[in-house]
$ cat input.csv   # CSV, C-alpha atoms
chain,number,residue,atom,x,y,z
Z,1,PRO,CA,-13.9,-10.7,25.9
Z,2,ARG,CA,-17.3,-11.9,24.7
Z,3,ALA,CA,-18.6,-8.3,24.7
Z,4,ILE,CA,-15.6,-7.3,22.5
Z,5,GLU,CA,-16.2,-10.1,20.1
Z,6,LEU,CA,-19.9,-9.2,19.7
Z,7,ALA,CA,-18.9,-5.5,19.1
Z,8,LEU,CA,-16.4,-6.6,16.4
Z,9,ALA,CA,-19.1,-8.7,14.7
Z,10,ASP,CA,-21.5,-5.8,14.9
Z,11,TRP,CA,-19.1,-3.2,13.4
Z,12,ALA,CA,-18.2,-5.6,10.6
Z,13,ARG,CA,-21.7,-5.3,9.3
Z,14,ASP,CA,-21.0,-1.6,8.3
Z,15,TYR,CA,-17.2,-1.5,8.0
Z,16,ALA,CA,-14.5,-3.5,6.3
Z,17,ARG,CA,-13.1,-6.2,8.4
Z,18,SER,CA,-9.6,-4.9,8.0
Z,19,THR,CA,-10.8,-1.6,9.4
Z,20,VAL,CA,-12.4,-3.3,12.4
Z,21,ASN,CA,-9.3,-5.3,13.1
Z,22,SER,CA,-7.3,-2.1,13.1
Z,23,TRP,CA,-9.6,-0.8,15.8
Z,24,LEU,CA,-9.1,-4.0,17.8
Z,25,ARG,CA,-5.3,-3.4,17.7
Z,26,VAL,CA,-5.8,0.2,19.0
Z,27,LEU,CA,-8.1,-1.1,21.8
Z,28,ARG,CA,-5.5,-3.7,22.9
Z,29,THR,CA,-2.9,-1.0,23.1
Z,30,MET,CA,-5.1,1.3,25.2
Z,31,LEU,CA,-6.1,-1.5,27.5
Z,32,ASN,CA,-2.4,-2.6,27.9
Z,33,ASP,CA,-1.6,0.9,29.0
Z,34,ALA,CA,-4.5,0.7,31.5
Z,35,VAL,CA,-3.0,-2.5,32.9
Z,36,ALA,CA,0.4,-0.9,33.1
Z,37,GLN,CA,-1.0,2.0,35.1
Z,38,ALA,CA,-3.0,-0.4,37.4
Z,39,VAL,CA,-6.3,1.0,36.3
Z,40,ILE,CA,-7.5,-2.6,35.4
Z,41,ALA,CA,-6.0,-5.9,36.4
Z,42,THR,CA,-6.0,-7.6,33.0
Z,43,ASN,CA,-6.6,-6.8,29.3
Z,44,PRO,CA,-9.9,-8.3,28.2
Z,45,ALA,CA,-9.0,-7.8,24.5
Z,46,GLU,CA,-5.7,-9.7,24.8
Z,47,ARG,CA,-7.2,-13.1,23.8
Z,48,VAL,CA,-9.8,-11.7,21.3
Z,49,ARG,CA,-9.0,-13.1,17.8
Z,50,ALA,CA,-9.0,-10.7,14.9
Z,51,LEU,CA,-11.8,-11.2,12.3
Z,52,ARG,CA,-11.0,-13.3,9.2
Z,53,GLU,CA,-10.7,-10.7,6.5
Z,54,ARG,CA,-11.3,-12.8,3.3
Z,55,SER,CA,-10.2,-15.9,1.5
Z,56,ASP,CA,-7.9,-16.0,-1.5
Z,57,GLU,CA,-10.9,-16.9,-3.7
Z,58,GLU,CA,-12.9,-14.0,-2.4
Z,59,GLY,CA,-10.0,-11.7,-3.1
Z,60,ASP,CA,-9.5,-12.9,-6.6
Z,61,GLU,CA,-13.2,-12.5,-7.5
Z,62,GLU,CA,-13.3,-9.0,-6.0
Z,63,ASP,CA,-10.1,-7.9,-7.7
Z,64,TRP,CA,-11.4,-9.0,-11.1
Z,65,ALA,CA,-14.7,-7.2,-10.5
Z,66,ASN,CA,-12.8,-4.0,-9.7
Z,67,ALA,CA,-10.3,-4.4,-12.5
Z,68,LEU,CA,-9.8,-1.4,-14.8
Z,69,ALA,CA,-10.4,-1.8,-18.5
Z,70,PRO,CA,-7.4,-0.6,-20.7
Z,71,SER,CA,-9.2,2.6,-21.6
Z,72,GLU,CA,-10.0,3.3,-18.0
Z,73,LEU,CA,-6.4,2.7,-16.9
Z,74,ASP,CA,-5.2,5.0,-19.7
Z,75,ALA,CA,-7.5,7.8,-18.6
Z,76,TYR,CA,-6.4,7.3,-15.0
Z,77,LEU,CA,-2.7,7.6,-15.9
Z,78,ARG,CA,-3.4,10.7,-18.1
Z,79,ALA,CA,-5.1,12.3,-15.1
Z,80,TRP,CA,-2.0,11.9,-13.1
Z,81,GLN,CA,0.1,13.2,-16.0
Z,82,THR,CA,-2.1,16.3,-16.0
Z,83,LEU,CA,-2.5,17.0,-12.3
Z,84,TYR,CA,0.6,15.5,-10.7
Z,85,PRO,CA,3.2,14.8,-13.4
Z,86,VAL,CA,6.1,14.6,-10.8
Z,87,GLN,CA,4.3,11.6,-9.2
Z,88,LEU,CA,3.6,9.8,-12.5
Z,89,PRO,CA,6.7,7.5,-12.4
Z,90,LEU,CA,5.6,6.3,-8.9
Z,91,ILE,CA,2.0,5.7,-10.0
Z,92,THR,CA,3.2,3.9,-13.1
Z,93,THR,CA,5.2,1.6,-10.8
Z,94,LEU,CA,2.2,0.8,-8.7
Z,95,VAL,CA,0.0,-0.3,-11.6
Z,96,PRO,CA,1.9,-3.4,-13.0
Z,97,THR,CA,3.6,-4.4,-9.8
Z,98,GLY,CA,0.8,-4.2,-7.3
Z,99,LEU,CA,3.2,-2.7,-4.7
Z,100,ARG,CA,1.8,-0.8,-1.7
Z,101,TRP,CA,2.7,2.9,-1.6
Z,102,GLY,CA,5.1,2.3,1.2
Z,103,GLU,CA,6.8,-0.6,-0.6
Z,104,ALA,CA,7.3,1.5,-3.7
Z,105,THR,CA,8.7,4.5,-1.8
Z,106,ALA,CA,11.2,2.1,-0.1
Z,107,LEU,CA,12.7,1.0,-3.4
Z,108,THR,CA,16.3,1.9,-4.2
Z,109,TRP,CA,18.1,2.1,-7.5
Z,110,ALA,CA,20.0,-1.0,-6.6
Z,111,ASP,CA,16.6,-2.8,-6.5
Z,112,ILE,CA,15.8,-1.5,-10.0
Z,113,ASP,CA,19.2,-2.4,-11.4
Z,114,ALA,CA,18.8,-6.0,-10.1
Z,115,ALA,CA,15.3,-6.2,-11.5
Z,116,GLU,CA,16.0,-5.1,-15.1
Z,117,PRO,CA,17.9,-8.2,-16.4
Z,118,LEU,CA,15.5,-10.6,-14.7
Z,119,GLY,CA,12.2,-8.9,-15.4
Z,120,VAL,CA,11.1,-9.4,-11.8
Z,121,LEU,CA,11.4,-7.1,-8.8
Z,122,ARG,CA,12.1,-8.3,-5.3
Z,123,VAL,CA,9.9,-6.5,-2.7
Z,124,ARG,CA,11.7,-6.5,0.7
Z,125,ARG,CA,11.3,-3.2,2.5
Z,126,SER,CA,8.6,-0.8,3.7
Z,127,PRO,CA,8.2,2.1,6.1
Z,128,VAL,CA,7.5,1.2,9.7
Z,129,ARG,CA,6.8,4.1,12.1
Z,130,GLY,CA,8.7,6.5,10.0
Z,131,ALA,CA,11.8,4.3,9.3
Z,132,ILE,CA,12.5,2.0,6.4
Z,133,ARG,CA,12.8,-1.6,7.6
Z,134,ASN,CA,13.8,-4.8,5.9
Z,135,THR,CA,10.3,-6.2,6.0
Z,136,THR,CA,6.9,-5.6,4.2
Z,137,LYS,CA,3.5,-4.9,5.8
Z,138,THR,CA,2.7,-8.6,5.8
Z,139,GLY,CA,6.1,-9.6,6.9
Z,140,LYS,CA,6.7,-11.6,3.7
Z,141,ARG,CA,9.1,-10.8,0.9
Z,142,ARG,CA,7.9,-11.5,-2.6
Z,143,ILE,CA,8.6,-11.2,-6.3
Z,144,VAL,CA,6.5,-9.1,-8.7
Z,145,PRO,CA,6.6,-8.5,-12.4
Z,146,PHE,CA,9.0,-5.8,-13.7
Z,147,PRO,CA,8.1,-5.2,-17.4
Z,148,ALA,CA,10.3,-3.5,-19.9
Z,149,GLU,CA,7.9,-0.6,-20.2
Z,150,LEU,CA,8.2,0.2,-16.5
Z,151,ALA,CA,12.0,-0.1,-16.8
Z,152,ALA,CA,11.9,2.6,-19.5
Z,153,VAL,CA,9.7,4.9,-17.4
Z,154,LEU,CA,12.1,4.6,-14.5
Z,155,ALA,CA,15.1,5.1,-16.6
Z,156,GLY,CA,13.6,8.5,-17.7
Z,157,HIS,CA,12.8,9.3,-14.1
Z,158,ARG,CA,16.4,8.5,-13.1
Z,159,ARG,CA,17.8,10.8,-15.8
Z,160,SER,CA,15.5,13.6,-14.5
Z,161,MET,CA,16.8,13.1,-11.0
Z,162,VAL,CA,20.4,13.2,-12.1
Z,163,GLU,CA,19.8,16.4,-14.2
Z,164,ALA,CA,18.2,18.1,-11.2
Z,165,GLN,CA,20.8,16.7,-8.8
Z,166,HIS,CA,17.9,15.5,-6.6
Z,167,PRO,CA,18.9,15.0,-2.9
Z,168,GLY,CA,17.3,11.6,-3.0
Z,169,LEU,CA,20.2,10.3,-5.1
Z,170,LYS,CA,22.5,10.5,-2.2
Z,171,ASP,CA,20.8,7.6,-0.4
Z,172,GLY,CA,19.7,5.9,-3.6
Z,173,TRP,CA,15.9,6.2,-3.2
Z,174,VAL,CA,13.9,5.8,-6.4
Z,175,PHE,CA,11.1,8.0,-5.2
Z,176,ALA,CA,12.0,10.7,-2.8
Z,177,ASN,CA,10.6,14.1,-1.7
Z,178,GLY,CA,12.5,17.4,-1.9
Z,179,ALA,CA,14.3,16.6,1.3
Z,180,GLY,CA,15.6,13.3,-0.1
Z,181,ARG,CA,13.3,11.1,2.0
Z,182,GLY,CA,10.6,8.7,0.8
Z,183,SER,CA,7.5,10.2,-0.9
Z,184,ARG,CA,4.3,10.6,1.1
Z,185,CYS,CA,0.7,10.1,-0.2
Z,186,VAL,CA,-0.8,12.8,-2.4
Z,187,ALA,CA,-4.4,13.5,-3.3
Z,188,GLN,CA,-6.0,11.2,-5.8
Z,189,PRO,CA,-7.0,12.8,-9.1
Z,190,SER,CA,-10.7,13.3,-9.7
Z,191,THR,CA,-12.1,11.6,-12.7
Z,192,ARG,CA,-15.7,11.0,-14.0
Z,193,SER,CA,-16.1,8.1,-11.5
Z,194,GLN,CA,-13.8,6.9,-8.7
Z,195,PRO,CA,-11.3,4.6,-10.6
Z,196,ARG,CA,-11.3,0.9,-9.8
Z,197,ARG,CA,-8.0,-0.8,-9.2
Z,198,SER,CA,-6.0,-2.6,-11.8
Z,199,SER,CA,-6.3,-6.4,-11.6
Z,200,ALA,CA,-2.6,-6.5,-11.0
Z,201,THR,CA,-3.0,-4.3,-7.9
Z,202,PRO,CA,-4.0,-6.0,-4.7
Z,203,PRO,CA,-6.2,-4.3,-2.1
Z,204,THR,CA,-4.1,-2.3,0.3
Z,205,ALA,CA,-4.5,0.5,2.8
Z,206,CYS,CA,-4.2,4.2,1.8
Z,207,GLU,CA,-0.7,3.7,0.6
Z,208,SER,CA,-1.9,2.7,-2.9
Z,209,THR,CA,-3.9,5.3,-4.9
Z,210,THR,CA,-4.9,2.7,-7.6
Z,211,ARG,CA,-7.8,1.3,-5.6
Z,212,ARG,CA,-11.2,2.3,-4.4
Z,213,SER,CA,-11.1,2.9,-0.7
Z,214,GLU,CA,-13.2,0.6,1.5
Z,215,PRO,CA,-15.3,2.0,4.3
$ encode --input "input.csv" --output "structure tokens"
Amino acid sequence: PRAIELALADWARDYARSTVNSWLRVLRTMLNDAVAQAVIATNPAERVRALRERSDEEGDEEDWANALAPSELDAYLRAWQTLYPVQLPLITTLVPTGLRWGEATALTWADIDAAEPLGVLRVRRSPVRGAIRNTTKTGKRRIVPFPAELAAVLAGHRRSMVEAQHPGLKDGWVFANGAGRGSRCVAQPSTRSQPRRSSATPPTACESTTRRSEP
């Protein structure tokens, strides 16, 4: 275990701690398989603690440092409008709510209908291994802002889906692909410089396209 702890600390000098922790999870799984197949007697990674990723204070400071100015955010959204107009309602949803990509693509129209009169959206689902589960990535449900401007964008998106008789309407998904299932990640538009995330958008994995990727 000590050798693994030293390796984690060494990797964390060059990579994000969240990335290193994901490697630790993979290592545990591989070693568990080795134990199951009697290759080794015990899993040395079982009791190795994951690295502390960051404090709330560090996160707030980093988020503000990476926050988009209004003009930058406008340019970012216009890039999506030009390159991927079909995805614009989804990207517009990510910006003010801070949802992860998977959380946004797990939204249903029932969620939106409940959010409109209250001005807040309840986040309660996300994809887990290809299936939508009643949990989020962190295992915690939460409430995020749902401004009137976003409600108007999604109302237009809904009208477009109805007019096209989109297959996603059958199961009530707000964002669905041509087969009626949840949307998958698409390429991020190129701009003059890699866009920084909105201050309303927390750091996530690759689900969210409104942040700068960490190494």
$ atom_distance --input "input.csv" --atom1 "atom CA of Gly102 of chain Z" --atom2 "atom CA of Ala176 of chain Z"
11.6 Å
$ closest_residue --input "input.csv" --among "Z:Gly168, Z:Pro70, Z:Gly130, Z:Pro89" --to "Leu154 of chain Z" --atoms "all atoms listed in the file"
Z:Pro89
$ closest_residue --input "input.csv" --among "Z:Thr136, Z:Val120, Z:Thr93, Z:Pro127" --to "Ala155 of chain Z" --atoms "all atoms listed in the file"
Z:Thr93
$ residues_around --input "input.csv" --residues "Ala9 of chain Z" --least-positions-apart "5" --cutoff "12 Å" --atoms "only C-alpha atoms" --output "PDB file with C-alpha atoms, in the frame of the given file"
ATOM      1  CA  ARG Z   2     -17.300 -11.900  24.700  1.00  0.00           C
ATOM      2  CA  ALA Z   3     -18.600  -8.300  24.700  1.00  0.00           C
ATOM      3  CA  ILE Z   4     -15.600  -7.300  22.500  1.00  0.00           C
ATOM      4  CA  ASP Z  14     -21.000  -1.600   8.300  1.00  0.00           C
ATOM      5  CA  TYR Z  15     -17.200  -1.500   8.000  1.00  0.00           C
ATOM      6  CA  ALA Z  16     -14.500  -3.500   6.300  1.00  0.00           C
ATOM      7  CA  ARG Z  17     -13.100  -6.200   8.400  1.00  0.00           C
ATOM      8  CA  VAL Z  20     -12.400  -3.300  12.400  1.00  0.00           C
ATOM      9  CA  ASN Z  21      -9.300  -5.300  13.100  1.00  0.00           C
ATOM     10  CA  LEU Z  24      -9.100  -4.000  17.800  1.00  0.00           C
ATOM     11  CA  VAL Z  48      -9.800 -11.700  21.300  1.00  0.00           C
ATOM     12  CA  ARG Z  49      -9.000 -13.100  17.800  1.00  0.00           C
ATOM     13  CA  ALA Z  50      -9.000 -10.700  14.900  1.00  0.00           C
ATOM     14  CA  LEU Z  51     -11.800 -11.200  12.300  1.00  0.00           C
ATOM     15  CA  ARG Z  52     -11.000 -13.300   9.200  1.00  0.00           C
ATOM     16  CA  GLU Z  53     -10.700 -10.700   6.500  1.00  0.00           C
TER      17      GLU Z  53
END
$ atom_distance --input "input.csv" --atom1 "atom CA of Thr82 of chain Z" --atom2 "atom CA of Ser160 of chain Z"
17.9 Å
$ atom_distance --input "input.csv" --atom1 "atom CA of Arg78 of chain Z" --atom2 "atom CA of Thr92 of chain Z"
10.7 Å
$ residues_near_point --input "input.csv" --point "(17.0, 11.9, -14.0)" --cutoff "12 Å" --atoms "only C-alpha atoms" --output "number ranges by chain"
Z: 86, 89, 109, 152-169, 174-175
$ residues_around --input "input.csv" --residues "segment 106-108 of chain Z" --least-positions-apart "6" --cutoff "6 Å" --atoms "only C-alpha atoms" --output "list of chain:residue names"
Z:Arg125, Z:Ser126, Z:Gly172, Z:Trp173, Z:Val174
$ write_last_selection --input "input.csv" --atoms "C-alpha atoms" --output "compact mmCIF listing (two decimals), in the frame of the given file"
# COMPACT_ATOMS: atom_id res chain seq x y z
CA ARG Z 125 11.30 -3.20 2.50
CA SER Z 126 8.60 -0.80 3.70
CA GLY Z 172 19.70 5.90 -3.60
CA TRP Z 173 15.90 6.20 -3.20
CA VAL Z 174 13.90 5.80 -6.40
$ residues_around --input "input.csv" --residues "Ala148 of chain Z" --least-positions-apart "2" --cutoff "8 Å" --atoms "only C-alpha atoms" --output "short mmCIF file (atom, residue, chain, number, x, y, z; two decimals) with C-alpha atoms, in the coordinates of the input"
data_model
loop_
_atom_site.label_atom_id
_atom_site.label_comp_id
_atom_site.auth_asym_id
_atom_site.auth_seq_id
_atom_site.Cartn_x
_atom_site.Cartn_y
_atom_site.Cartn_z
CA GLU Z 116 16.00 -5.10 -15.10
CA GLY Z 119 12.20 -8.90 -15.40
CA PHE Z 146 9.00 -5.80 -13.70
CA LEU Z 150 8.20 0.20 -16.50
CA ALA Z 151 12.00 -0.10 -16.80
CA ALA Z 152 11.90 2.60 -19.50
#
$ closest_residue --input "input.csv" --among "Z:Ala7, Z:Glu103, Z:Leu88, Z:Ala38" --to "Arg133 of chain Z" --atoms "all atoms listed in the file"
Z:Glu103
